[in-house]
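Printed here is model.csv (CSV, C-alpha atoms and all ligand atoms):
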```
chain,number,residue,atom,x,y,z
A,706,MET,CA,-131.9,-76.9,-23.4
A,707,LYS,CA,-131.1,-74.9,-20.3
A,708,LEU,CA,-132.6,-71.5,-19.9
A,709,GLN,CA,-129.2,-69.8,-20.0
A,710,GLU,CA,-128.4,-71.6,-23.3
A,711,LEU,CA,-131.7,-70.4,-24.8
A,712,LYS,CA,-130.9,-66.9,-23.7
A,713,ASN,CA,-127.5,-67.0,-25.3
A,714,LEU,CA,-129.0,-68.2,-28.5
A,715,THR,CA,-131.6,-65.5,-28.7
A,716,ASP,CA,-128.9,-62.9,-27.9
A,717,THR,CA,-127.1,-63.9,-31.1
A,718,PHE,CA,-130.1,-62.9,-33.2
A,719,THR,CA,-131.3,-59.8,-31.3
A,720,SER,CA,-133.2,-57.2,-33.2
A,721,SER,CA,-131.5,-54.1,-34.6
A,722,ASP,CA,-132.4,-51.3,-36.9
A,723,PRO,CA,-133.1,-53.0,-40.3
A,724,LEU,CA,-130.1,-53.1,-42.6
A,725,PRO,CA,-130.6,-51.9,-46.1
A,726,ALA,CA,-131.1,-54.5,-48.9
A,727,PHE,CA,-129.4,-54.2,-52.3
A,728,PHE,CA,-129.9,-55.2,-55.8
A,729,ILE,CA,-126.7,-55.1,-57.9
A,730,GLY,CA,-126.3,-55.7,-61.6
A,731,HIS,CA,-123.0,-57.5,-61.6
A,732,GLY,CA,-122.2,-57.7,-65.3
A,733,ASN,CA,-118.8,-58.9,-66.5
A,734,PRO,CA,-116.7,-61.0,-64.0
A,735,MET,CA,-113.8,-58.7,-64.9
A,736,ASN,CA,-115.4,-56.0,-62.8
A,737,ALA,CA,-113.9,-58.0,-59.8
A,738,ILE,CA,-110.4,-56.8,-60.7
A,739,GLU,CA,-111.2,-53.5,-62.6
A,740,GLU,CA,-111.5,-50.0,-61.3
A,741,ASN,CA,-114.3,-48.2,-63.1
A,742,PRO,CA,-117.3,-46.0,-62.2
A,743,PHE,CA,-119.4,-49.1,-61.5
A,744,THR,CA,-116.8,-50.6,-59.1
A,745,LYS,CA,-116.4,-47.2,-57.4
A,746,SER,CA,-120.2,-47.1,-56.9
A,747,LEU,CA,-119.9,-50.5,-55.1
A,748,GLN,CA,-117.2,-49.2,-52.8
A,749,GLU,CA,-119.4,-46.2,-52.0
A,750,MET,CA,-122.3,-48.5,-51.3
A,751,GLY,CA,-120.2,-50.6,-48.8
A,752,LYS,CA,-119.0,-47.4,-47.0
A,753,SER,CA,-122.6,-46.0,-46.8
A,754,ILE,CA,-123.7,-48.7,-44.4
A,755,ARG,CA,-123.1,-47.4,-40.9
A,756,GLN,CA,-123.8,-50.7,-39.1
A,757,THR,CA,-121.5,-53.6,-39.7
A,758,PRO,CA,-123.6,-56.5,-40.8
A,759,ASN,CA,-123.5,-59.7,-38.8
A,760,ALA,CA,-123.7,-61.7,-42.1
A,761,ILE,CA,-124.4,-61.1,-45.8
A,762,LEU,CA,-126.9,-63.2,-47.7
A,763,VAL,CA,-126.5,-63.2,-51.5
A,764,ILE,CA,-129.1,-64.5,-53.9
A,765,SER,CA,-127.1,-64.8,-57.1
A,766,ALA,CA,-128.1,-65.5,-60.7
A,767,HIS,CA,-125.3,-68.0,-60.7
A,768,TRP,CA,-126.8,-70.5,-58.2
A,769,LEU,CA,-129.8,-72.0,-59.9
A,770,THR,CA,-131.3,-75.2,-58.6
A,771,ARG,CA,-134.3,-77.3,-59.5
A,772,GLY,CA,-136.7,-79.1,-57.3
A,773,GLY,CA,-136.2,-76.8,-54.3
A,774,THR,CA,-134.4,-73.9,-52.7
A,775,TRP,CA,-131.1,-74.5,-50.9
A,776,VAL,CA,-129.2,-72.4,-48.4
A,777,SER,CA,-125.4,-72.8,-47.9
A,778,THR,CA,-124.2,-73.7,-44.4
A,779,THR,CA,-120.6,-74.1,-45.7
A,780,PRO,CA,-118.3,-72.8,-42.8
A,781,LYS,CA,-115.5,-71.9,-45.2
A,782,PRO,CA,-117.0,-71.2,-48.7
A,783,GLU,CA,-114.6,-71.6,-51.6
A,784,THR,CA,-114.3,-68.9,-54.3
A,785,ILE,CA,-115.9,-70.5,-57.3
A,786,TYR,CA,-114.6,-69.6,-60.8
A,787,ASP,CA,-117.9,-70.3,-62.7
A,788,PHE,CA,-116.9,-68.9,-66.0
A,789,GLY,CA,-114.4,-69.6,-68.8
A,790,GLY,CA,-112.0,-67.8,-71.1
A,791,PHE,CA,-111.0,-64.9,-68.9
A,792,PRO,CA,-107.4,-63.7,-68.1
A,793,ALA,CA,-105.4,-65.8,-65.6
A,794,GLU,CA,-105.4,-63.0,-63.0
A,795,LEU,CA,-109.2,-63.4,-62.5
A,796,TYR,CA,-108.7,-67.0,-61.4
A,797,LYS,CA,-106.2,-65.8,-58.8
A,798,VAL,CA,-108.8,-63.7,-57.0
A,799,ASN,CA,-109.7,-65.2,-53.7
A,800,TYR,CA,-112.5,-64.0,-51.4
A,801,PRO,CA,-111.8,-65.7,-48.1
A,802,ALA,CA,-114.9,-64.6,-46.1
A,803,PRO,CA,-116.1,-67.1,-43.6
A,804,GLY,CA,-119.5,-68.7,-44.1
A,805,SER,CA,-122.4,-68.2,-41.7
A,806,PRO,CA,-124.0,-71.6,-40.8
A,807,GLU,CA,-125.7,-69.8,-37.9
A,808,TYR,CA,-127.7,-67.4,-40.0
A,809,ALA,CA,-128.2,-70.0,-42.7
A,810,ARG,CA,-129.9,-72.1,-40.0
A,811,GLU,CA,-131.9,-69.1,-38.9
A,812,LEU,CA,-133.1,-68.8,-42.5
A,813,MET,CA,-134.2,-72.4,-42.4
A,814,ASN,CA,-136.1,-71.8,-39.2
A,815,LEU,CA,-137.9,-69.0,-40.9
A,816,ILE,CA,-138.6,-70.9,-44.1
A,817,PRO,CA,-138.6,-74.6,-43.2
A,818,GLU,CA,-139.0,-75.8,-46.8
A,819,VAL,CA,-135.5,-74.4,-47.7
A,820,LYS,CA,-133.0,-77.2,-47.6
A,821,GLU,CA,-129.4,-77.3,-46.4
A,822,ASP,CA,-126.5,-77.3,-48.8
A,823,THR,CA,-123.1,-78.1,-47.1
A,824,GLN,CA,-120.9,-77.7,-50.3
A,825,TRP,CA,-121.7,-74.5,-52.2
A,826,GLY,CA,-119.0,-71.8,-52.0
A,827,LEU,CA,-119.2,-68.3,-53.4
A,828,ASP,CA,-120.0,-68.0,-57.1
A,829,HIS,CA,-118.9,-64.9,-59.0
A,830,GLY,CA,-122.3,-63.3,-58.7
A,831,ALA,CA,-121.3,-63.0,-55.0
A,832,TRP,CA,-117.5,-62.5,-54.8
A,833,ALA,CA,-117.1,-60.2,-57.8
A,834,ILE,CA,-119.2,-57.6,-56.1
A,835,LEU,CA,-118.4,-58.3,-52.4
A,836,LYS,CA,-114.7,-57.7,-53.3
A,837,HIS,CA,-115.6,-54.1,-53.8
A,838,LEU,CA,-118.4,-53.8,-51.1
A,839,TYR,CA,-116.3,-55.4,-48.3
A,840,PRO,CA,-112.7,-55.8,-49.5
A,841,ALA,CA,-111.5,-57.0,-46.1
A,842,ALA,CA,-113.7,-60.2,-46.6
A,843,ASP,CA,-114.2,-60.3,-42.8
A,844,ILE,CA,-118.0,-60.5,-42.8
A,845,PRO,CA,-119.6,-64.0,-43.0
A,846,VAL,CA,-121.3,-64.7,-46.3
A,847,PHE,CA,-123.9,-67.3,-47.2
A,848,GLU,CA,-126.0,-67.9,-50.3
A,849,MET,CA,-129.5,-69.0,-51.1
A,850,SER,CA,-130.2,-70.7,-54.4
A,851,ILE,CA,-132.9,-69.8,-57.0
A,852,ASP,CA,-135.4,-72.6,-57.7
A,853,TYR,CA,-135.3,-72.2,-61.5
A,854,GLY,CA,-138.4,-74.2,-62.1
A,855,LYS,CA,-140.7,-71.9,-60.2
A,856,PRO,CA,-142.8,-68.9,-61.4
A,857,MET,CA,-141.9,-65.3,-60.7
A,858,GLN,CA,-144.5,-64.9,-58.0
A,859,TYR,CA,-143.0,-67.8,-56.1
A,860,HIS,CA,-139.6,-66.0,-55.8
A,861,PHE,CA,-141.2,-62.7,-54.7
A,862,ASP,CA,-143.3,-64.4,-52.0
A,863,LEU,CA,-140.4,-66.5,-50.8
A,864,SER,CA,-138.2,-63.5,-50.4
A,865,ALA,CA,-140.9,-61.5,-48.5
A,866,ARG,CA,-140.5,-64.1,-45.8
A,867,LEU,CA,-136.8,-63.2,-45.4
A,868,LYS,CA,-137.6,-59.6,-44.3
A,869,SER,CA,-137.1,-60.1,-40.6
A,870,LEU,CA,-133.4,-61.1,-41.2
A,871,ARG,CA,-132.7,-57.5,-42.0
A,872,ASN,CA,-133.6,-56.7,-38.4
A,873,LYS,CA,-131.1,-59.3,-37.3
A,874,GLY,CA,-128.1,-57.7,-38.8
A,875,VAL,CA,-128.2,-59.5,-42.2
A,876,LEU,CA,-127.4,-57.6,-45.3
A,877,ILE,CA,-129.4,-59.2,-48.2
A,878,ILE,CA,-128.2,-58.7,-51.8
A,879,GLY,CA,-129.8,-59.8,-55.0
A,880,SER,CA,-127.1,-60.1,-57.7
A,881,GLY,CA,-128.1,-60.4,-61.4
A,882,ASN,CA,-128.8,-57.9,-64.2
A,883,ILE,CA,-132.1,-56.4,-65.2
A,884,VAL,CA,-131.2,-56.6,-68.9
A,885,HIS,CA,-129.0,-59.6,-69.8
A,886,ASN,CA,-128.8,-61.0,-73.3
A,887,LEU,CA,-125.5,-62.6,-74.2
A,888,ARG,CA,-126.5,-63.7,-77.6
A,889,MET,CA,-127.3,-60.1,-78.7
A,890,TRP,CA,-124.1,-59.0,-76.9
A,891,PHE,CA,-122.0,-61.0,-79.4
A,892,ALA,CA,-124.2,-60.0,-82.3
A,893,LYS,CA,-122.7,-56.5,-82.6
A,894,PRO,CA,-119.5,-54.7,-81.8
A,895,GLY,CA,-119.3,-51.6,-79.6
A,896,LEU,CA,-121.0,-50.7,-76.4
A,897,GLU,CA,-123.8,-48.6,-77.8
A,898,PRO,CA,-127.0,-49.9,-76.2
A,899,TYR,CA,-129.8,-51.5,-78.2
A,900,ASP,CA,-133.0,-49.4,-78.1
A,901,TRP,CA,-135.0,-52.2,-76.5
A,902,ALA,CA,-132.4,-52.6,-73.7
A,903,LEU,CA,-132.7,-48.9,-72.9
A,904,GLU,CA,-136.5,-49.0,-73.1
A,905,PHE,CA,-136.8,-52.0,-70.8
A,906,ASP,CA,-134.4,-50.7,-68.3
A,907,GLU,CA,-136.2,-47.4,-68.2
A,908,TRP,CA,-139.6,-49.2,-67.9
A,909,VAL,CA,-138.3,-51.2,-64.9
A,910,LYS,CA,-137.0,-48.0,-63.2
A,911,GLY,CA,-140.4,-46.4,-63.7
A,912,ARG,CA,-142.3,-49.5,-62.2
A,913,ILE,CA,-139.9,-49.5,-59.2
A,914,ASN,CA,-140.5,-45.8,-58.6
A,915,ALA,CA,-144.3,-46.4,-58.9
A,916,ARG,CA,-144.0,-49.3,-56.5
A,917,ASP,CA,-145.7,-51.4,-59.2
A,918,PHE,CA,-144.0,-54.7,-58.3
A,919,ILE,CA,-146.9,-56.7,-59.8
A,920,SER,CA,-146.0,-55.5,-63.3
A,921,LEU,CA,-142.4,-56.5,-62.7
A,922,ILE,CA,-143.5,-60.0,-61.6
A,923,GLU,CA,-145.5,-60.1,-64.8
A,924,TYR,CA,-142.8,-58.5,-66.9
A,925,GLU,CA,-143.5,-60.9,-69.8
A,926,LYS,CA,-146.7,-58.9,-70.5
A,927,HIS,CA,-144.5,-55.9,-71.4
A,928,GLY,CA,-143.9,-57.3,-74.8
A,929,SER,CA,-140.9,-57.5,-77.2
A,930,SER,CA,-138.4,-55.4,-75.2
A,931,ALA,CA,-139.0,-57.6,-72.2
A,932,LYS,CA,-138.5,-60.7,-74.4
A,933,LEU,CA,-135.2,-59.4,-75.7
A,934,SER,CA,-133.9,-58.0,-72.4
A,935,VAL,CA,-134.9,-61.2,-70.4
A,936,PRO,CA,-134.4,-64.1,-72.8
A,937,THR,CA,-133.9,-66.3,-69.8
A,938,ALA,CA,-135.0,-65.1,-66.3
A,939,ASP,CA,-131.9,-66.2,-64.4
A,940,HIS,CA,-130.4,-62.7,-64.1
A,941,TYR,CA,-133.8,-60.9,-63.6
A,942,ILE,CA,-135.1,-63.0,-60.7
A,943,PRO,CA,-132.6,-61.7,-58.1
A,944,MET,CA,-134.1,-58.3,-58.6
A,945,LEU,CA,-137.5,-59.7,-57.5
A,946,TYR,CA,-135.8,-61.1,-54.3
A,947,SER,CA,-134.5,-57.6,-53.5
A,948,LEU,CA,-137.8,-55.8,-54.2
A,949,ALA,CA,-139.8,-58.2,-52.0
A,950,LEU,CA,-137.7,-57.0,-49.0
A,951,ALA,CA,-138.9,-53.4,-49.3
A,952,GLY,CA,-141.2,-52.0,-46.6
A,953,PRO,CA,-144.1,-49.9,-47.8
A,954,GLU,CA,-142.6,-46.6,-46.7
A,955,GLU,CA,-139.0,-47.5,-47.5
A,956,GLU,CA,-137.0,-45.4,-49.9
A,957,ILE,CA,-135.6,-47.2,-53.0
A,958,LYS,CA,-132.6,-45.3,-54.3
A,959,PHE,CA,-130.8,-46.1,-57.5
A,960,THR,CA,-127.1,-46.2,-56.8
A,961,TYR,CA,-125.9,-46.9,-60.3
A,962,GLU,CA,-127.4,-46.6,-63.8
A,963,GLU,CA,-125.8,-47.7,-67.0
A,964,VAL,CA,-126.9,-49.7,-70.0
A,965,PHE,CA,-124.4,-50.9,-72.6
A,966,THR,CA,-125.0,-53.2,-75.6
A,967,SER,CA,-127.5,-55.7,-74.1
A,968,ALA,CA,-126.8,-55.4,-70.4
A,969,SER,CA,-128.1,-53.1,-67.6
A,970,MET,CA,-125.8,-52.4,-64.7
A,971,ARG,CA,-128.6,-50.7,-62.7
A,972,ALA,CA,-128.3,-51.1,-58.9
A,973,PHE,CA,-130.4,-49.9,-56.1
A,974,ARG,CA,-130.6,-49.7,-52.3
A,975,ILE,CA,-133.7,-50.3,-50.2
A,976,GLY,CA,-133.8,-48.5,-46.9
B,1001,ZN,ZN,-124.0,-63.1,-64.2
```
As structure tokens - that is how I would like this structure written.
Amino acid sequence: MKLQELKNLTDTFTSSDPLPAFFIGHGNPMNAIEENPFTKSLQEMGKSIRQTPNAILVISAHWLTRGGTWVSTTPKPETIYDFGGFPAELYKVNYPAPGSPEYARELMNLIPEVKEDTQWGLDHGAWAILKHLYPAADIPVFEMSIDYGKPMQYHFDLSARLKSLRNKGVLIIGSGNIVHNLRMWFAKPGLEPYDWALEFDEWVKGRINARDFISLIEYEKHGSSAKLSVPTADHYIPMLYSLALAGPEEEIKFTYEEVFTSASMRAFRIG
């Protein structure tokens, strides 16, 4: 490679002030097309970022893999309708943001064991929130999968290695739900939250404020409210990816708080 080419390449990934990192409880896919206090908070979150990101990396509860972690290099990611039984208008939503093979490759340079996926589009854990954060869909988006066979500590440690991407203009978003129990959701009518859902959500908030991330990695030790709130870890893990990106002095600000039935919509911003 010629010296000038090398220079051009480094220029693409020059350092900047770190972009914030988000965790967002995405909840019902219908939020993609609804206007409510939660979607309004997402719009505010998008507007609050002064610097336009070069790319957005989403770690979504809806891209689970086994036997490795993959990153999408898809140049034109398709909008994936990974749900069933919703009104027809939800299947008409398109989020036509370009992909970001460049930053996906930069991620693979940082973490060489992450593998390349050339097919994955945008699942609803990504597009249903991005539609409110960046409605113009003009910022490149790529996703990294969650290796579902791995322990919690693995996810936290892997994400800590992504930190430098924040200085290269990448907005990193974990998209899941702190409390997420669909079986208990269907078990009762109404939106009144279960006591255990409120308790667990409040406990997580307290641990985040105390910077006690170890307890959150070992959440199973918290007992019965943890067991009911996190019956499977798919929606919880994205929060660990977000927390691992926090610098020791960085503020973690809750941008939305709501618990209904057996779901927490809590969201926060780091930095
Ligand atoms: Zn979900």
Identify, counting only C-alpha atoms and all ligand atoms, the protein, DNA and RNA residues located within 6 Å of ligand ZN 1001 (chain B), and give them as a compact mmCIF listing (two decimals) with C-alpha atoms, in the coordinates of the input.
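The result, written out as part-v8.txt:
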```txt
# COMPACT_ATOMS: atom_id res chain seq x y z
CA GLY A 732 -122.20 -57.70 -65.30
CA ALA A 766 -128.10 -65.50 -60.70
CA GLY A 830 -122.30 -63.30 -58.70
CA GLY A 881 -128.10 -60.40 -61.40
```
TODO: Would you kindly return, as a PyMOL selection string, each protein, DNA or RNA residue with an atom no farther than 8 Å from any atom of Val763 in chain A, considering all atoms listed in the file and excluding same-chain residues fewer than 2 positions away?
DONE: chain A and resi 761+765+831+846-849+877-880
TODO: Tell me, as an NGL selection string, which residues lie within 10 Å of Tyr796 in chain A, counting all atoms listed in the file; anything in the same chain fewer than 5 positions away does not count.
DONE: :A and (784-789 or 791)
Selection file, C-alpha atoms, as a PDB file, in the coordinates of the input:
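File written: out_39.pdb
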```pdb
ATOM      1  CA  THR A 784    -114.300 -68.900 -54.300  1.00  0.00           C
ATOM      2  CA  ILE A 785    -115.900 -70.500 -57.300  1.00  0.00           C
ATOM      3  CA  TYR A 786    -114.600 -69.600 -60.800  1.00  0.00           C
ATOM      4  CA  ASP A 787    -117.900 -70.300 -62.700  1.00  0.00           C
ATOM      5  CA  PHE A 788    -116.900 -68.900 -66.000  1.00  0.00           C
ATOM      6  CA  GLY A 789    -114.400 -69.600 -68.800  1.00  0.00           C
ATOM      7  CA  PHE A 791    -111.000 -64.900 -68.900  1.00  0.00           C
TER       8      PHE A 791
END
```
- [ ] Using all atoms listed in the file, determine which residues lie at most 10 Å from Ser929 in chain A, disregarding the query and same-chain residues fewer than 4 positions distant; provide the list as number ranges by chain.
- [x] A: 901, 905, 925, 933-935
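Each of A:Ala737, A:Ile754, A:Ile942, A:Met970 was checked against Phe861 in chain A using all atoms listed in the file; the smallest atom-to-atom distance is that of A:Ile942.
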TODO: List every protein, DNA or RNA residue that has an atom no more than 7 Å from (-130.3, -55.0, -45.0) in the file's coordinate frame, counting only C-alpha atoms, and report them as number ranges by chain.
DONE: A: 723-726, 871, 875-877
Would you export the selected residues with C-alpha atoms as a PDB file, in the frame of the given file, please?
```pdb
ATOM      1  CA  PRO A 723    -133.100 -53.000 -40.300  1.00  0.00           C
ATOM      2  CA  LEU A 724    -130.100 -53.100 -42.600  1.00  0.00           C
ATOM      3  CA  PRO A 725    -130.600 -51.900 -46.100  1.00  0.00           C
ATOM      4  CA  ALA A 726    -131.100 -54.500 -48.900  1.00  0.00           C
ATOM      5  CA  ARG A 871    -132.700 -57.500 -42.000  1.00  0.00           C
ATOM      6  CA  VAL A 875    -128.200 -59.500 -42.200  1.00  0.00           C
ATOM      7  CA  LEU A 876    -127.400 -57.600 -45.300  1.00  0.00           C
ATOM      8  CA  ILE A 877    -129.400 -59.200 -48.200  1.00  0.00           C
TER       9      ILE A 877
END
```
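If you measure from each of A:Ile957, A:Val819, A:Met750, A:Met813 to Thr774 in chain A using all atoms listed in the file, the closest one turns out to be A:Val819.
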Leaving out Asn886 in chain A and any residue of its chain fewer than 2 positions from it, which residues lie within 9 Å of it when counting all atoms listed in the file, given as a PDB file with C-alpha atoms, in the coordinates of the input?
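So around.pdb came out as:
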```pdb
ATOM      1  CA  VAL A 884    -131.200 -56.600 -68.900  1.00  0.00           C
ATOM      2  CA  ARG A 888    -126.500 -63.700 -77.600  1.00  0.00           C
ATOM      3  CA  MET A 889    -127.300 -60.100 -78.700  1.00  0.00           C
ATOM      4  CA  TRP A 890    -124.100 -59.000 -76.900  1.00  0.00           C
ATOM      5  CA  LEU A 933    -135.200 -59.400 -75.700  1.00  0.00           C
ATOM      6  CA  SER A 934    -133.900 -58.000 -72.400  1.00  0.00           C
ATOM      7  CA  VAL A 935    -134.900 -61.200 -70.400  1.00  0.00           C
ATOM      8  CA  PRO A 936    -134.400 -64.100 -72.800  1.00  0.00           C
ATOM      9  CA  THR A 937    -133.900 -66.300 -69.800  1.00  0.00           C
ATOM     10  CA  THR A 966    -125.000 -53.200 -75.600  1.00  0.00           C
ATOM     11  CA  SER A 967    -127.500 -55.700 -74.100  1.00  0.00           C
ATOM     12  CA  ALA A 968    -126.800 -55.400 -70.400  1.00  0.00           C
TER      13      ALA A 968
END
```
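Of the listed residues (A:Pro792, A:Pro898, A:Pro953, A:Pro943), A:Pro953 comes nearest to Ala915 in chain A; the distances count all atoms listed in the file.
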Task: Residue nearest Gln756 in chain A - candidates A:Pro817, A:Gly895, A:Pro742, A:Gly874, atoms counted: all atoms listed in the file - done: A:Gly874
TODO: Could you tell me how far CA of Asn914 in chain A lies from CA of Tyr941 in chain A, in Å and to one decimal?
DONE: 17.3 Å
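The smallest atom-to-atom distance between Ala833 in chain A and any of A:Tyr800, A:Trp908, A:Trp775, A:Tyr853, using all atoms listed in the file, is found for A:Tyr800.
Compared by their closest atoms to Asn733 in chain A, and using all atoms listed in the file, the residues A:Ser930, A:Ser869, A:Asn882, A:Thr960 rank with A:Asn882 nearest.
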TODO: One decimal, Å: what's the distance from CA of Gln824 in chain A over to CA of Glu807 in chain A, could you say?
DONE: 15.5 Å
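Put simply, CA of Ser777 in chain A is 18.6 Å away from CA of Ser947 in chain A.
Within the 10 Å cut-off around Asn736 in chain A, using all atoms listed in the file and omitting residues fewer than 4 positions from it on the same chain, the listed residues are His731, Gly732, Glu740, Asn741, Phe743, Thr744, Leu795, Ala833, Ile834, Lys836 and His837 of chain A.
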